[in-house]
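run.cif (mmCIF, C-alpha atoms) appears below.
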data_input
#
loop_
_atom_site.label_atom_id
_atom_site.label_comp_id
_atom_site.auth_asym_id
_atom_site.auth_seq_id
_atom_site.Cartn_x
_atom_site.Cartn_y
_atom_site.Cartn_z
CA MET G 1 82.84 91.51 111.41
CA PRO G 2 80.34 92.86 112.29
CA THR G 3 82.47 95.93 112.92
CA ASP G 4 82.10 98.29 115.87
CA PRO G 5 79.32 100.70 114.83
CA THR G 6 80.90 103.44 116.95
CA THR G 7 84.08 103.42 114.83
CA PRO G 8 84.02 106.35 112.39
CA LEU G 9 83.78 105.49 108.71
CA SER G 10 87.06 105.63 106.79
CA PHE G 11 87.50 107.33 103.43
CA ALA G 12 89.82 106.49 100.55
CA TYR G 13 90.24 107.86 97.05
CA TRP G 14 91.31 106.34 93.76
CA VAL G 15 94.73 107.71 92.84
CA PRO G 16 94.58 108.92 89.22
CA ASN G 17 97.98 107.43 88.34
CA VAL G 18 96.70 106.37 84.91
CA SER G 19 95.56 108.77 82.22
CA GLY G 20 91.95 109.29 81.23
CA GLY G 21 90.42 110.01 84.64
CA LEU G 22 87.94 107.78 86.45
CA VAL G 23 85.17 107.87 83.87
CA THR G 24 85.52 106.67 80.28
CA SER G 25 84.01 109.80 78.80
CA THR G 26 85.05 112.75 76.66
CA ILE G 27 83.66 115.14 79.27
CA GLU G 28 86.21 117.52 80.77
CA GLN G 29 88.04 115.97 83.72
CA ARG G 30 90.37 118.38 85.50
CA THR G 31 92.48 115.47 86.69
CA ASP G 32 96.02 114.48 85.77
CA TRP G 33 98.12 111.33 86.08
CA SER G 34 101.40 113.17 86.70
CA TYR G 35 103.55 112.95 89.83
CA ASP G 36 103.25 116.64 90.72
CA TYR G 37 99.44 116.64 90.42
CA ASN G 38 99.16 113.51 92.56
CA VAL G 39 101.48 114.74 95.30
CA ALA G 40 99.37 117.88 95.61
CA LEU G 41 96.22 115.74 95.60
CA ALA G 42 97.54 113.40 98.29
CA ARG G 43 98.32 116.33 100.57
CA LEU G 44 94.89 117.85 99.94
CA ALA G 45 93.20 114.51 100.71
CA GLU G 46 95.21 114.08 103.88
CA ASP G 47 94.19 117.53 105.10
CA ALA G 48 90.57 116.93 104.05
CA GLY G 49 90.25 113.92 106.36
CA TYR G 50 91.05 111.01 104.07
CA GLU G 51 92.77 108.02 105.64
CA TYR G 52 93.66 105.98 102.53
CA ALA G 53 94.63 106.35 98.88
CA LEU G 54 94.47 103.44 96.39
CA THR G 55 96.80 103.40 93.41
CA GLN G 56 95.59 101.73 90.23
CA VAL G 57 97.46 98.93 88.48
CA ARG G 58 97.60 98.81 84.70
CA TYR G 59 100.48 97.35 82.70
CA THR G 60 99.33 98.25 79.22
CA ALA G 61 97.16 100.84 77.48
CA SER G 62 93.49 99.93 77.71
CA TYR G 63 90.07 101.56 77.48
CA GLY G 64 91.09 105.20 77.85
CA ALA G 65 94.15 104.59 80.06
CA GLU G 66 96.81 105.36 77.46
CA TYR G 67 99.51 106.09 80.06
CA GLN G 68 100.03 104.26 83.35
CA GLN G 69 102.35 104.98 86.27
CA GLU G 70 103.46 101.76 88.01
CA SER G 71 101.50 101.32 91.22
CA THR G 72 104.09 100.26 93.83
CA SER G 73 106.71 102.90 93.01
CA PHE G 74 104.01 105.55 92.74
CA SER G 75 102.59 104.47 96.10
CA LEU G 76 105.98 104.84 97.75
CA ALA G 77 106.37 108.31 96.25
CA LEU G 78 103.03 109.36 97.75
CA LEU G 79 103.90 107.83 101.12
CA LEU G 80 107.12 109.83 101.25
CA ALA G 81 105.29 113.03 100.26
CA THR G 82 102.69 112.76 103.05
CA GLU G 83 102.62 112.32 106.82
CA ARG G 84 99.43 110.44 107.73
CA LEU G 85 97.91 109.08 104.52
CA LYS G 86 97.99 105.29 104.13
CA VAL G 87 98.66 104.29 100.53
CA ILE G 88 97.42 100.98 99.13
CA ALA G 89 99.50 99.63 96.25
CA ALA G 90 97.58 97.41 93.82
CA VAL G 91 99.47 94.31 92.62
CA HIS G 92 98.81 91.26 90.45
CA PRO G 93 99.71 87.75 91.61
CA GLY G 94 101.26 86.11 88.58
CA LEU G 95 103.19 89.27 87.78
CA TRP G 96 104.65 89.51 91.30
CA GLN G 97 106.25 86.84 93.46
CA PRO G 98 104.87 87.12 97.02
CA GLY G 99 108.26 86.96 98.74
CA VAL G 100 109.56 89.83 96.63
CA LEU G 101 106.45 91.91 97.34
CA ALA G 102 106.69 91.09 101.07
CA LYS G 103 110.20 92.55 101.08
CA TRP G 104 109.14 95.66 99.13
CA VAL G 105 106.22 96.34 101.46
CA ALA G 106 108.35 95.84 104.57
CA THR G 107 110.83 98.43 103.30
CA ALA G 108 108.05 100.86 102.31
CA ASP G 109 106.46 100.35 105.72
CA HIS G 110 109.62 101.39 107.53
CA LEU G 111 110.17 104.38 105.24
CA SER G 112 106.58 105.56 105.86
CA ASN G 113 106.33 104.74 109.58
CA GLY G 114 103.75 101.99 109.10
CA ARG G 115 101.49 103.39 106.36
CA ALA G 116 102.01 100.89 103.51
CA ALA G 117 99.23 98.52 102.39
CA VAL G 118 98.49 96.28 99.39
CA ASN G 119 95.47 95.49 97.25
CA ILE G 120 95.59 92.02 95.69
CA VAL G 121 94.12 92.14 92.17
CA SER G 122 93.48 88.74 90.64
CA GLY G 123 93.25 90.25 87.15
CA TRP G 124 90.59 90.93 84.55
CA LEU G 125 92.60 92.04 81.49
CA LYS G 126 93.98 89.00 79.68
CA GLU G 127 96.45 91.00 77.59
CA GLU G 128 98.31 92.23 80.67
CA PHE G 129 99.42 88.67 81.25
CA THR G 130 99.74 87.19 77.78
CA LYS G 131 101.68 90.12 76.31
CA LEU G 132 104.23 89.68 79.08
CA GLY G 133 104.47 85.95 78.43
CA GLU G 134 102.56 84.91 81.54
CA PRO G 135 99.76 82.34 81.51
CA TRP G 136 96.15 83.56 81.72
CA LEU G 137 94.46 81.28 84.25
CA GLU G 138 90.74 80.64 84.39
CA HIS G 139 88.80 82.96 86.70
CA ASP G 140 88.51 80.73 89.76
CA GLU G 141 92.13 79.59 89.40
CA ARG G 142 93.26 83.23 89.45
CA TYR G 143 91.46 83.69 92.75
CA ARG G 144 92.89 80.44 94.10
CA ARG G 145 96.36 81.76 93.26
CA SER G 146 95.51 85.05 95.00
CA ALA G 147 94.40 83.15 98.10
CA GLU G 148 97.82 81.49 98.31
CA PHE G 149 99.53 84.82 97.60
CA ILE G 150 97.77 86.45 100.57
CA GLN G 151 98.61 83.53 102.86
CA VAL G 152 102.28 83.69 101.88
CA LEU G 153 102.45 87.44 102.53
CA ARG G 154 100.99 87.05 105.99
CA GLU G 155 103.22 84.07 106.78
CA ILE G 156 106.37 85.95 105.79
CA TRP G 157 105.38 89.08 107.69
CA THR G 158 104.36 87.37 110.93
CA GLU G 159 106.48 84.22 111.30
CA GLU G 160 110.15 84.11 112.19
CA ARG G 161 110.67 81.42 109.56
CA ALA G 162 108.04 81.19 106.87
CA ASN G 163 106.98 77.92 105.28
CA PHE G 164 104.20 77.37 102.78
CA ALA G 165 103.44 74.58 100.32
CA GLY G 166 100.69 75.33 97.82
CA ASP G 167 99.84 74.67 94.21
CA PHE G 168 101.18 78.05 93.06
CA TYR G 169 103.77 79.06 95.67
CA ARG G 170 106.39 77.27 97.76
CA VAL G 171 108.28 78.96 100.58
CA ARG G 172 110.86 77.04 102.61
CA ASP G 173 112.40 78.31 105.84
CA PHE G 174 112.36 81.93 104.64
CA SER G 175 113.23 84.69 107.10
CA LEU G 176 112.40 88.32 106.36
CA LYS G 177 114.37 90.99 108.24
CA PRO G 178 113.37 93.62 108.98
CA LYS G 179 109.74 92.72 109.17
CA PRO G 180 107.12 95.41 108.64
CA LEU G 181 106.11 97.54 111.59
CA SER G 182 103.59 95.91 113.91
CA SER G 183 101.13 97.03 116.58
CA PRO G 184 98.17 95.42 118.39
CA ASP G 185 95.74 97.14 116.00
CA ARG G 186 97.87 96.38 112.94
CA PRO G 187 99.96 93.20 113.24
CA HIS G 188 101.15 93.57 109.63
CA PRO G 189 100.47 95.82 106.63
CA GLU G 190 96.80 95.74 105.70
CA ILE G 191 95.81 93.37 102.89
CA PHE G 192 92.95 94.52 100.68
CA GLN G 193 91.32 92.39 98.00
CA GLY G 194 88.42 93.09 95.71
CA GLY G 195 85.85 91.45 93.49
CA ASN G 196 82.16 90.56 93.46
CA SER G 197 82.32 86.92 92.39
CA THR G 198 81.82 83.91 94.64
CA ALA G 199 85.55 83.17 94.47
CA ALA G 200 86.35 86.76 95.47
CA ARG G 201 84.00 86.56 98.44
CA GLN G 202 85.59 83.30 99.54
CA ASN G 203 89.02 84.96 99.51
CA GLY G 204 87.71 88.02 101.30
CA GLY G 205 85.90 86.06 103.99
CA ARG G 206 88.72 83.60 104.59
CA TYR G 207 91.95 85.55 104.15
CA SER G 208 91.78 89.31 103.57
CA ASP G 209 91.84 92.16 106.07
CA TRP G 210 89.64 94.24 103.75
CA TYR G 211 87.17 93.40 101.00
CA PHE G 212 86.67 95.99 98.26
CA SER G 213 83.33 95.93 96.44
CA ASN G 214 82.36 97.55 93.17
CA GLY G 215 79.64 100.17 93.52
CA ASN G 216 76.32 98.73 94.67
CA ASP G 217 72.95 99.64 96.15
CA PHE G 218 71.76 98.86 99.67
CA ASP G 219 70.37 95.42 98.81
CA GLY G 220 73.51 94.37 96.94
CA VAL G 221 75.79 95.50 99.76
CA SER G 222 73.63 93.73 102.36
CA GLN G 223 73.90 90.49 100.41
CA GLN G 224 77.67 90.76 100.11
CA LEU G 225 78.06 91.52 103.81
CA ALA G 226 75.93 88.51 104.73
CA ASP G 227 78.02 86.25 102.48
CA LEU G 228 81.29 87.54 103.92
CA ARG G 229 80.09 87.10 107.50
CA ARG G 230 79.04 83.53 106.77
CA ILE G 231 82.31 82.65 105.04
CA ALA G 232 84.41 84.27 107.77
CA ALA G 233 82.52 82.36 110.47
CA GLU G 234 82.91 79.07 108.59
CA ALA G 235 86.65 79.75 108.37
CA GLY G 236 86.81 80.29 112.13
CA ARG G 237 87.60 83.98 111.91
CA THR G 238 86.48 86.11 114.84
CA GLU G 239 87.11 89.41 113.03
CA GLY G 240 87.15 90.75 109.51
CA PRO G 241 87.19 91.38 106.77
CA ARG G 242 86.26 95.00 106.88
CA PHE G 243 84.20 96.21 103.94
CA GLY G 244 85.10 98.96 101.47
CA LEU G 245 82.58 100.24 98.90
CA ASN G 246 83.37 102.07 95.67
CA GLY G 247 81.36 105.18 94.86
CA PHE G 248 81.69 107.95 92.28
CA VAL G 249 80.83 111.23 93.96
CA ILE G 250 78.93 114.09 92.31
CA VAL G 251 78.06 116.80 94.83
CA ARG G 252 76.43 119.96 93.49
CA ASP G 253 74.31 122.75 94.96
CA THR G 254 71.10 120.99 93.91
CA GLU G 255 70.19 117.40 93.16
CA ALA G 256 69.07 118.47 89.69
CA GLU G 257 72.55 119.84 88.92
CA ALA G 258 74.18 116.64 90.15
CA ARG G 259 71.85 114.46 88.06
CA GLU G 260 72.49 116.63 85.01
CA GLN G 261 76.24 116.16 85.53
CA LEU G 262 75.76 112.39 85.56
CA ARG G 263 73.62 112.56 82.43
CA GLU G 264 76.33 114.54 80.63
CA ILE G 265 79.07 112.10 81.67
CA VAL G 266 77.12 109.17 80.22
CA ALA G 267 76.00 111.10 77.11
CA LYS G 268 79.64 111.88 76.33
CA ALA G 269 80.88 108.35 77.04
CA ASP G 270 83.63 106.99 74.81
CA ARG G 271 81.35 104.28 73.47
CA PRO G 272 83.99 102.06 71.76
CA ALA G 273 86.18 102.13 74.88
CA VAL G 274 83.26 101.40 77.23
CA GLU G 275 81.96 98.58 75.04
CA GLY G 276 85.47 97.12 74.71
CA PHE G 277 85.94 97.21 78.46
CA GLY G 278 82.51 95.66 78.98
CA ALA G 279 83.28 92.81 76.58
CA ALA G 280 86.61 92.10 78.31
CA VAL G 281 85.29 92.06 81.85
CA LYS G 282 82.13 90.15 81.05
CA GLN G 283 84.24 87.50 79.27
CA ALA G 284 86.39 87.25 82.40
CA GLY G 285 83.30 86.96 84.61
CA ALA G 286 81.63 84.40 82.34
CA ALA G 287 84.48 82.03 83.16
CA THR G 288 83.44 81.82 86.81
CA SER G 289 82.07 78.51 88.00
CA ASP G 290 78.64 80.05 88.68
CA GLN G 291 78.62 82.83 86.02
CA ARG G 292 78.70 85.41 88.83
CA GLY G 293 81.56 87.67 87.85
CA MET G 294 82.46 91.15 89.04
CA TRP G 295 80.60 92.97 86.26
CA ALA G 296 78.04 90.24 85.49
CA ASP G 297 75.01 92.56 85.54
CA SER G 298 76.64 95.93 84.81
CA SER G 299 74.81 98.16 82.32
CA PHE G 300 76.48 100.47 79.79
CA GLU G 301 75.98 103.39 82.19
CA ASP G 302 77.54 101.41 85.05
CA LEU G 303 80.61 100.65 82.94
CA VAL G 304 81.27 104.30 82.08
CA GLN G 305 82.67 104.43 85.63
CA TYR G 306 84.64 101.25 85.37
CA ASN G 307 84.05 100.02 88.91
CA ASP G 308 80.27 100.60 88.89
CA GLY G 309 80.69 103.76 90.96
CA PHE G 310 77.39 105.32 89.84
CA ARG G 311 75.46 102.42 91.41
CA THR G 312 76.29 103.61 94.90
CA GLN G 313 74.37 106.80 94.09
CA LEU G 314 76.56 109.31 95.92
CA ILE G 315 74.95 111.94 93.74
CA GLY G 316 73.11 115.04 94.95
CA THR G 317 73.59 117.81 97.50
CA ALA G 318 76.15 117.54 100.29
CA GLU G 319 73.36 116.67 102.72
CA GLN G 320 71.93 113.93 100.48
CA VAL G 321 75.33 112.36 99.86
CA ALA G 322 76.27 112.45 103.55
CA GLU G 323 72.96 110.81 104.52
CA ARG G 324 73.43 108.05 101.97
CA ILE G 325 77.01 107.42 103.10
CA VAL G 326 75.88 107.03 106.72
CA ALA G 327 73.08 104.72 105.60
CA TYR G 328 75.75 102.45 104.13
CA ARG G 329 77.68 102.70 107.40
CA ARG G 330 74.61 101.46 109.27
CA LEU G 331 74.59 98.37 107.04
CA GLY G 332 78.19 97.57 107.99
CA VAL G 333 80.31 99.38 105.41
CA ASP G 334 83.65 100.47 106.93
CA LEU G 335 85.17 102.53 104.13
CA ILE G 336 83.97 104.54 101.15
CA LEU G 337 86.34 104.56 98.16
CA THR G 338 85.67 107.77 96.25
CA ALA G 339 86.31 109.06 92.75
CA PHE G 340 85.54 112.44 91.17
CA LEU G 341 85.55 114.27 87.85
CA HIS G 342 87.88 117.00 89.10
CA PHE G 343 89.92 115.40 91.86
CA GLN G 344 91.80 118.22 93.54
CA GLU G 345 88.97 120.72 93.80
CA GLU G 346 86.29 118.13 94.56
CA ILE G 347 88.23 116.27 97.25
CA GLU G 348 88.87 119.57 98.98
CA ALA G 349 85.17 120.47 98.74
CA PHE G 350 84.17 116.97 99.93
CA GLY G 351 86.32 117.45 103.03
CA LYS G 352 84.70 120.80 103.79
CA LYS G 353 81.06 120.11 102.90
CA VAL G 354 80.36 116.38 103.16
CA LEU G 355 82.72 114.88 105.75
CA PRO G 356 81.59 117.21 108.60
CA LEU G 357 77.97 116.21 107.93
CA VAL G 358 78.95 112.52 107.95
CA ARG G 359 80.64 112.94 111.33
CA GLU G 360 77.59 114.76 112.73
CA LEU G 361 75.27 111.98 111.58
CA GLU G 362 77.62 109.30 112.97
CA ALA G 363 77.75 111.09 116.34
CA ALA G 364 73.94 111.30 116.41
CA ASP G 365 73.73 107.55 115.76
CA VAL G 366 76.15 106.83 118.62
CA ASN G 367 74.12 109.03 120.96
CA ARG G 368 70.86 107.31 119.98
CA ARG G 369 72.38 103.90 120.65
CA ALA G 370 73.69 105.07 124.03
CA VAL G 371 70.27 106.38 125.03
CA SER G 372 68.58 103.20 123.83
CA THR G 373 71.04 101.03 125.77
CA ALA G 374 70.62 103.11 128.94
CA SER G 375 66.85 102.86 128.79
#

Could you write out this file's structure as structure tokens?
Amino acid sequence: MPTDPTTPLSFAYWVPNVSGGLVTSTIEQRTDWSYDYNVALARLAEDAGYEYALTQVRYTASYGAEYQQESTSFSLALLLATERLKVIAAVHPGLWQPGVLAKWVATADHLSNGRAAVNIVSGWLKEEFTKLGEPWLEHDERYRRSAEFIQVLREIWTEERANFAGDFYRVRDFSLKPKPLSSPDRPHPEIFQGGNSTAARQNGGRYSDWYFSNGNDFDGVSQQLADLRRIAAEAGRTEGPRFGLNGFVIVRDTEAEAREQLREIVAKADRPAVEGFGAAVKQAGAATSDQRGMWADSSFEDLVQYNDGFRTQLIGTAEQVAERIVAYRRLGVDLILTAFLHFQEEIEAFGKKVLPLVRELEAADVNRRAVSTAS
């Protein structure tokens, strides 16, 4: 960080492996959480130009997600059903032991020819832990545990004999064979980690390969990028983390149609579910040391898309959405994490209508920089 501005932006999509779609609304969502639907979707996304897919992790019914496919096994199924798509499995420290996950990822990496990745989720839903008999740590302690978890993963994957002594994890002379696949551009499987809090930014800047942000506007993203750059520099890092931004995409023939679609989504929101989710996440965020949690300032409308995807404002015509995406790229965003109402048909349309425009705008930016440098 800062990343090479000539590198094309990457695209990922939320895997709908839990029921209810990606908005908590009674509006029609032609999306399904089944295996067959998701295999077809993964192949469509791969052909449309997507590089990554992110599986969701839920262990119990909550806020519209009545049914949940387990993230790591589902990720492996998608890896084996595709050829190029990289699949990011979301996992919770506290419910996984890092050495066990390191072994699982190494195996998945070999089976997929180096396409496995993980997203470390510190946790926001208390019941997922307490109903399974696990302690619910305070917010900053959960992120401190995640920091150790990430360090242990990297140690096991990259060292012949791993050793680590922390407050949450102890590893003594542990050797993992076979290790995951490795290359100069990817020394180990990519480690993603999300959150908006100060603790999350510390973890991202110090330890993660990628930092996932909730949806945000230009000013909010600029602030996060500045924080991450400062933290990474203070930690002595010369590169990373790369920055991924969540955005719910509504592309229609006119901006008015797209805005009307957003209005309908919010008007048909499942109010009890949205308010319950809001109460849970704001309680989790209120426990931060500086009251700066992931959803600290999210409105009701923001929470209808439960990772603030409307805030990114990828809403309008194909041209408008492409221009806004490239504007985020100019700020330093490396990846856009997308969600849709109707995943299969809209991802296919996104690949045909929006991605070519993004690549044209990126190429124009590269040419302008080349001319400016030459002059």

Open item on the list: Given the PyMOL selection byres ((chain G and resi 190-199) around 6) and the file above, list the residues it selects as a count of residues only.
Closed with: 17

Task: Closest of G:Val281, G:Ala374, G:Leu225, G:Leu153 to G:Arg329 - atom-to-atom distances counting all atoms listed in the file - done: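 Looking at the shortest contact to G:Arg329, the residue is G:Leu225.
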
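Comparing G:Ile315, G:Ala90, G:Ala279, G:Ala363 by their smallest distance to G:Ala116, the closest is G:Ala90 (using all atoms listed in the file).
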
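Distance annotation: of G:Asp334, G:Glu70, G:Asp36, G:Asp253, the residue with the minimal separation from G:Gly240 is G:Asp334; atom set is all atoms listed in the file.
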
- [ ] Would you list the residues near (74.1, 101.9, 93.5) (no more than 9 Å away, in the coordinates of the file, using all atoms listed in the file) as a list in words?
- [x] Gly215, Asn216, Asp217, Phe218, Gly220, Gly247, Asp308, Gly309, Phe310, Arg311, Thr312, Gln313 and Leu314 of chain G
